[in-house]
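For reference, the structure is listed below as structure tokens.
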Amino acid sequence: MPSLIDLTLEGRKVGQHGPWPRVVVDASVWTFAASELAHGRWSLLGLWGEPAAVHMAIMDGPSAEIAVVSLDCPDRTFPSVGKHHPPALRLERTVNDLFGLFAQGSPDARPWLDHNRWGVRFPLGDRIDALPQATPYRFLAAEGDGLHQIAVGPVHAGIIEPGHFRFTASGETVVRLEQRLGYVHKGIDGLMTGASLARGVQLAGRTSGDSTVAYAYAFSRAAEAALDLVVPDRAVFLRALLAELERLANHLGDFGAICNDASFTLMHAHCGVLRESVLRAAGAAFGHRLMRDIIVPGGVSRDIGSGGAETIQATLENIRLRFPALVELYDNTASLQDRTVDTGTLKPPLAQQYAAGGYVGRASGRSFDARRTLAYPPYDALRFDVPVLSEGDVNARVWIRIREVEQSMSLIDQILSRLPEGPICKDVPLGGEVREGMAIVEGFRGDVLVWLRLRNGLIERCHMRDPSWFQWPLLEAVIENNIVADFPLCNKSFNCSYSGHDL
Amino acid sequence: MRKLLFESVFRQPLTERAPSPDDAAVAELATALGQAGRRRLGRSLSIREVDAGSCNGCELEIHALNNAYYDVERFGLRFVASPRHADVLMVTGPVTKNMREALERTYHATPNPKWVVAVGDCARNGGCFAGSYAVVGGVCEVIPVDLHIPGCPPAPTAMLQGLLALLERADTGAVTS
């Protein structure tokens, strides 16, 4: 069995790409990589385009080796990976929508982000005019006696992001769910092109608001990898502090929100109070409740304010006092357990195939956590457990979140007790002519991947891959044979990002 | 659960005092609201939130309005599930081209009298996404806007100030039309 290293030896290595190698390969090696993905030997981390090339980030599971393979597409086509490995399908449809590069042999050639509303086609490739009239989107067929369809969205009933869900149901039972996304596509890839790093990190921090820290973190690490820049120790620890506060706030809020979707509002009220306490502590310590625009290439833009550490510590103390009672309540309420246990089960092989990140993967036996597996600093020097379960139901995803709340609090304690003194930011050099970098950072939802190429200090191409890309399709799978009324519960237990996905 | 509920009876409420209405918002609204609102609505407004392309940051803070600290319902402000039940649309995000029609249809589905509150810097003029091939721009380019609440995202207190100004105007019905 060839390793990823063997594959990278087959191609032409690109000089300035850090920290993992990037190789330009021919179509046969590209197809070989697709079949290795299909056989489950490697995991797909991302697939994105450029005006005349496609790239694919791959991880060799057991050894956690990572490489980017690239294929030039002079005739505007490339061999489909999705044909062998379905997780690539939506990514390929996106590459076609944005760049006009067609995945040859793809079983699904429908547009994905392009709703024929932009006035142009292939906005980042060779632009042509949009079709005079949008053709209706062809949802996949579901046939049988007594089936009916329920169309939901793009505007939903709650305070959530827009997207369309098409359910086909037999009575109460969902036979098929098909998602249609792309409604919040803002063209972030396009806005990145030609931008400075300062504007780039601002856009990155606005890709998915709930993960603003994780995105700025991943973007900055990718830029620093490209420029061989080592950030000051204090900034390294402050970044992890920000990331753990973000994780804590989101997990606390979602724990309550999941219970709320089972009409258990008491939990929602209590968790809402705990979440608010974290946001207020973040606001007191860093001047922004969601900690936006604090991580920048080179370090962090502001230090923890005076009294900030004490405020955070007091907040943690209060959570430690109150959270266990809520966990006990969750565990001992039969009516709530009745809704979450055995609901929306994601089978471990499927989580493995889609390389599902975050609590979605870890509740279904996939132990990947970028903080542990890739051990970027300061996590290589901190003690924490990565909780893993294999049941894969809503309940398991809730329990992963509960355990991660505890782990994040322990990490915050460790970071605050050993926060190094010193500068918080370094000047960013312009770098040589062309530099490429990539980074993977564990956000609360899963691993955020950022790849970028800088030319004379400006961004030539930047691609950000949200963990939701590989979680949304799994939501379609887990809802099958569940009742329609359990969809909100399943959906919230995944809590995929629309904006992060639509870009 | 009994213990939790019992404790809540004796704990001081977490809910904080209402902030005073934002002056700038009061001024903006002076031209927007009329007697009709007061007559029909009294002191209660139903709000439909529409994400027209936001990064979901504004949604997080709008959610926070419902928590025990801000408790927006005590002012008669309520988030509803359908535009047909709404008096106010709270719209976030730069309006994306893919969401334009959905926003227009939501607006037309809302019965008169109605007001539109654009929440966040993107909703004002597209924010950092302005100029993209996929973005229309601010909310006012698609539907008429009565009030802007700036911020990225605006803190819940800032939103509360804006909404209270709206309520006060609807209540006293001071001006025009």
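Here's how to read the names in the structure tokens: chain A, B, ... by the order shown, residue numbers from 1 in each chain, ligand numbers from 1 in the order shown.
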Do you have, as a tab-separated table, the list of residues of chain A lying at most 7 Å from chain B, each with its nearest atom pair and that distance in Å to one decimal, counting only C-alpha atoms and ordered by chain then number?
residue	atom	partner	partner_atom	distance
A:His115	CA	B:Asn98	CA	6.4
A:Arg117	CA	B:Lys97	CA	5.8
A:Trp118	CA	B:Ala134	CA	5.5
A:Val155	CA	B:Val50	CA	6.8
A:Ala157	CA	B:Ala81	CA	4.3
A:Gly158	CA	B:Ala81	CA	6.0
A:Ile159	CA	B:Glu49	CA	5.9
A:Ile160	CA	B:Glu59	CA	6.7
A:Glu161	CA	B:Asp51	CA	5.7
A:Pro162	CA	B:Asp51	CA	6.4
A:Tyr183	CA	B:Asn98	CA	4.9
A:Val184	CA	B:Gly53	CA	4.4
A:His185	CA	B:Ala134	CA	6.6
A:Lys186	CA	B:Ala134	CA	5.2
A:Gly187	CA	B:Ala134	CA	5.6
A:Leu191	CA	B:Ser132	CA	6.5
A:Arg206	CA	B:Cys55	CA	5.7
A:Thr207	CA	B:Cys55	CA	5.7
A:Ser208	CA	B:Cys55	CA	4.9
A:Gly209	CA	B:Gly57	CA	4.0
A:Asp210	CA	B:Gly57	CA	6.0
A:Ala269	CA	B:Asn67	CA	6.5
A:Gly272	CA	B:Asn67	CA	5.7
A:Val273	CA	B:Ala68	CA	6.5
A:Leu329	CA	B:Met1	CA	6.3
A:Ser499	CA	B:Cys55	CA	5.4
Write a file of the selected residues as a tab-separated table (two decimals), in the first residue's frame, keeping N, CA and C atoms.
chain	number	residue	atom	x	y	z
A	115	HIS	N	-27.08	30.15	-8.16
A	115	HIS	CA	-28.52	30.07	-8.36
A	115	HIS	C	-28.95	30.87	-9.59
A	117	ARG	N	-28.19	33.98	-10.21
A	117	ARG	CA	-28.63	35.31	-9.77
A	117	ARG	C	-27.49	36.31	-9.78
A	118	TRP	N	-26.30	35.88	-10.11
A	118	TRP	CA	-25.14	36.76	-9.98
A	118	TRP	C	-24.97	37.68	-11.20
A	155	VAL	N	-36.09	31.08	4.08
A	155	VAL	CA	-36.31	31.79	5.34
A	155	VAL	C	-36.97	30.81	6.32
A	157	ALA	N	-38.23	29.44	10.32
A	157	ALA	CA	-39.10	29.98	11.36
A	157	ALA	C	-38.32	30.59	12.52
A	158	GLY	N	-37.14	30.10	12.79
A	158	GLY	CA	-36.38	30.59	13.94
A	158	GLY	C	-35.41	31.68	13.55
A	159	ILE	N	-34.59	32.08	14.50
A	159	ILE	CA	-33.55	33.06	14.22
A	159	ILE	C	-32.33	32.29	13.76
A	160	ILE	N	-32.37	31.80	12.52
A	160	ILE	CA	-31.23	31.05	11.99
A	160	ILE	C	-30.96	31.47	10.57
A	161	GLU	N	-29.89	30.89	10.02
A	161	GLU	CA	-29.45	31.29	8.69
A	161	GLU	C	-30.35	30.67	7.61
A	162	PRO	N	-30.29	31.21	6.40
A	162	PRO	CA	-31.17	30.70	5.35
A	162	PRO	C	-30.58	29.52	4.56
A	183	TYR	N	-27.49	30.20	-0.38
A	183	TYR	CA	-28.24	31.46	-0.28
A	183	TYR	C	-27.41	32.60	0.31
A	184	VAL	N	-26.47	32.26	1.20
A	184	VAL	CA	-25.68	33.35	1.78
A	184	VAL	C	-24.29	33.43	1.14
A	185	HIS	N	-24.16	32.97	-0.10
A	185	HIS	CA	-22.88	33.09	-0.80
A	185	HIS	C	-22.57	34.57	-1.01
A	186	LYS	N	-21.45	34.99	-0.44
A	186	LYS	CA	-21.07	36.41	-0.51
A	186	LYS	C	-19.88	36.62	-1.43
A	187	GLY	N	-19.33	35.54	-1.98
A	187	GLY	CA	-18.17	35.68	-2.86
A	187	GLY	C	-16.89	35.99	-2.12
A	191	LEU	N	-13.45	38.13	-3.04
A	191	LEU	CA	-13.03	39.34	-2.32
A	191	LEU	C	-11.60	39.20	-1.79
A	206	ARG	N	-15.12	37.01	9.31
A	206	ARG	CA	-16.55	37.21	9.03
A	206	ARG	C	-17.10	36.14	8.10
A	207	THR	N	-16.41	35.00	8.08
A	207	THR	CA	-16.87	33.91	7.23
A	207	THR	C	-17.96	33.11	7.93
A	208	SER	N	-17.78	32.87	9.21
A	208	SER	CA	-18.82	32.24	10.02
A	208	SER	C	-18.72	32.86	11.40
A	209	GLY	N	-19.70	33.71	11.74
A	209	GLY	CA	-19.60	34.53	12.94
A	209	GLY	C	-19.36	33.74	14.22
A	210	ASP	N	-19.96	32.54	14.31
A	210	ASP	CA	-19.78	31.78	15.54
A	210	ASP	C	-18.37	31.21	15.66
A	269	ALA	N	-32.82	28.23	29.11
A	269	ALA	CA	-32.71	29.45	29.91
A	269	ALA	C	-31.42	29.44	30.74
A	272	GLY	N	-28.34	29.63	28.48
A	272	GLY	CA	-28.24	30.97	27.92
A	272	GLY	C	-27.55	31.92	28.88
A	273	VAL	N	-27.82	31.75	30.16
A	273	VAL	CA	-27.18	32.59	31.19
A	273	VAL	C	-25.68	32.29	31.25
A	329	LEU	N	-29.39	17.06	35.29
A	329	LEU	CA	-30.78	17.22	34.86
A	329	LEU	C	-30.98	16.60	33.48
A	499	SER	N	-23.22	30.07	6.50
A	499	SER	CA	-22.35	31.10	5.94
A	499	SER	C	-20.94	30.55	5.68
Tell me which protein, DNA and RNA residues are within 7 Å of Pro19 (chain B), counting only C-alpha atoms, leaving out same-chain ones fewer than 2 positions away, and put them as a ChimeraX atom specification.
/B:17,21,161
Write the selection just made, keeping C-alpha atoms, as a PDB file, in the first residue's frame?
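Full text of selection.pdb as output:
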ATOM      1  CA  ARG B  17     -32.567  47.550  33.853  1.00  0.00           C
ATOM      2  CA  PRO B  21     -33.426  54.581  23.970  1.00  0.00           C
ATOM      3  CA  GLN B 161     -31.778  50.665  22.670  1.00  0.00           C
TER       4      GLN B 161
END
Using only C-alpha atoms, determine which residues lie at most 12 Å from His108 (chain B), disregarding the query and same-chain residues fewer than 6 positions distant; provide the list as a ChimeraX atom specification.
/B:83-84,86-87,89,101-102,114-116,142-144
Write out, as a compact mmCIF listing (two decimals), in the first residue's frame, the residues just selected, with C-alpha atoms.
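Everything below was put into out.txt:
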# COMPACT_ATOMS: atom_id res chain seq x y z
CA PRO B 83 -43.66 37.36 8.49
CA ARG B 84 -47.45 37.24 8.39
CA ALA B 86 -44.88 40.38 12.22
CA ASP B 87 -44.88 44.17 12.61
CA LEU B 89 -38.57 42.81 10.13
CA GLU B 101 -36.00 37.53 -3.83
CA ALA B 102 -36.59 35.75 -0.52
CA LYS B 114 -44.61 47.49 9.18
CA TRP B 115 -41.13 48.64 9.91
CA VAL B 116 -37.74 47.37 8.86
CA VAL B 142 -33.94 46.07 -1.67
CA ILE B 143 -36.63 47.20 0.79
CA PRO B 144 -37.25 50.50 2.64
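Note that DSSP on the backbone gives strand (DSSP E) to these residues of chain B: B:Leu45, B:Ser46, B:Ile47, B:Arg48, B:Glu49, B:Val50, B:Asp51, B:Leu77, B:Arg78, B:Phe79, B:Val88, B:Leu89, B:Met90, B:Val91, B:Thr92, B:Val95, B:Thr96, B:Trp115, B:Val116, B:Val117, B:Ala118, B:Val119, B:Val135, B:Val136, B:Gly137, B:Leu147, B:His148, B:Ile149.
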Quick one: pull the distance between CA of Ala67 (chain A) and CA of Pro21 (chain A), Å, one decimal.
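For CA of Ala67 (chain A) relative to CA of Pro21 (chain A), the distance reads 5.3 Å.
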Can you tell me how far CA of Asp338 (chain A) sits from CA of Leu177 (chain A), in Å to one decimal?
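Answer for the CA of Asp338 (chain A) to CA of Leu177 (chain A) separation: 22.8 Å.
Atom to atom, CA of Thr15 (chain B) and CA of Glu244 (chain A) stand 26.9 Å apart.
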Excluding Arg397 (chain A) and any residue of its chain fewer than 6 positions from it, enumerate the residues within 9 Å of it, using only C-alpha atoms, and give them as number ranges by chain.
A: 359-364, 389, 391, 493-494
Leaving out region 37-46 of chain A and any residue of its chain fewer than 5 positions from it, which residues lie within 8 Å of it when counting only C-alpha atoms, given as number ranges by chain?
A: 56-61, 84-85, 87-88, 91, 352-355, 449, 465
9 Å contact set for Leu131 (chain A), only C-alpha atoms, chain neighbours under 6 positions out, as a CSV table (one decimal) with C-alpha atoms, in the first residue's frame:
chain,number,residue,atom,x,y,z
A,116,ASN,CA,-28.2,32.0,-11.6
A,119,GLY,CA,-25.5,38.2,-13.5
A,120,VAL,CA,-22.4,36.2,-14.5
A,121,ARG,CA,-21.3,32.6,-14.6
So that I can check the surroundings of Arg180 (chain A), please list as JSON, numbers by chain every protein, DNA and RNA residue that reaches within 8 Å of it, counting only C-alpha atoms and ignoring chain neighbours fewer than 5 positions away.
{"A": [112, 163, 164, 165, 166]}
Any chance you can output those residues with C-alpha atoms as a PDB file, in the first residue's frame?
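Done, and the output landed in again28.pdb:
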ATOM      1  CA  TRP A 112     -24.506  24.240  -6.228  1.00  0.00           C
ATOM      2  CA  GLY A 163     -31.114  27.448   3.406  1.00  0.00           C
ATOM      3  CA  HIS A 164     -33.652  25.212   1.725  1.00  0.00           C
ATOM      4  CA  PHE A 165     -34.602  21.741   2.926  1.00  0.00           C
ATOM      5  CA  ARG A 166     -36.732  19.462   0.797  1.00  0.00           C
TER       6      ARG A 166
END
I need the residues of chain B that end up classed as alpha helix (DSSP H) by DSSP on the backbone, written out as a PyMOL selection string.
chain B and resi 2-10+23-30+35-41+57-64+100-109+121-125+156-172
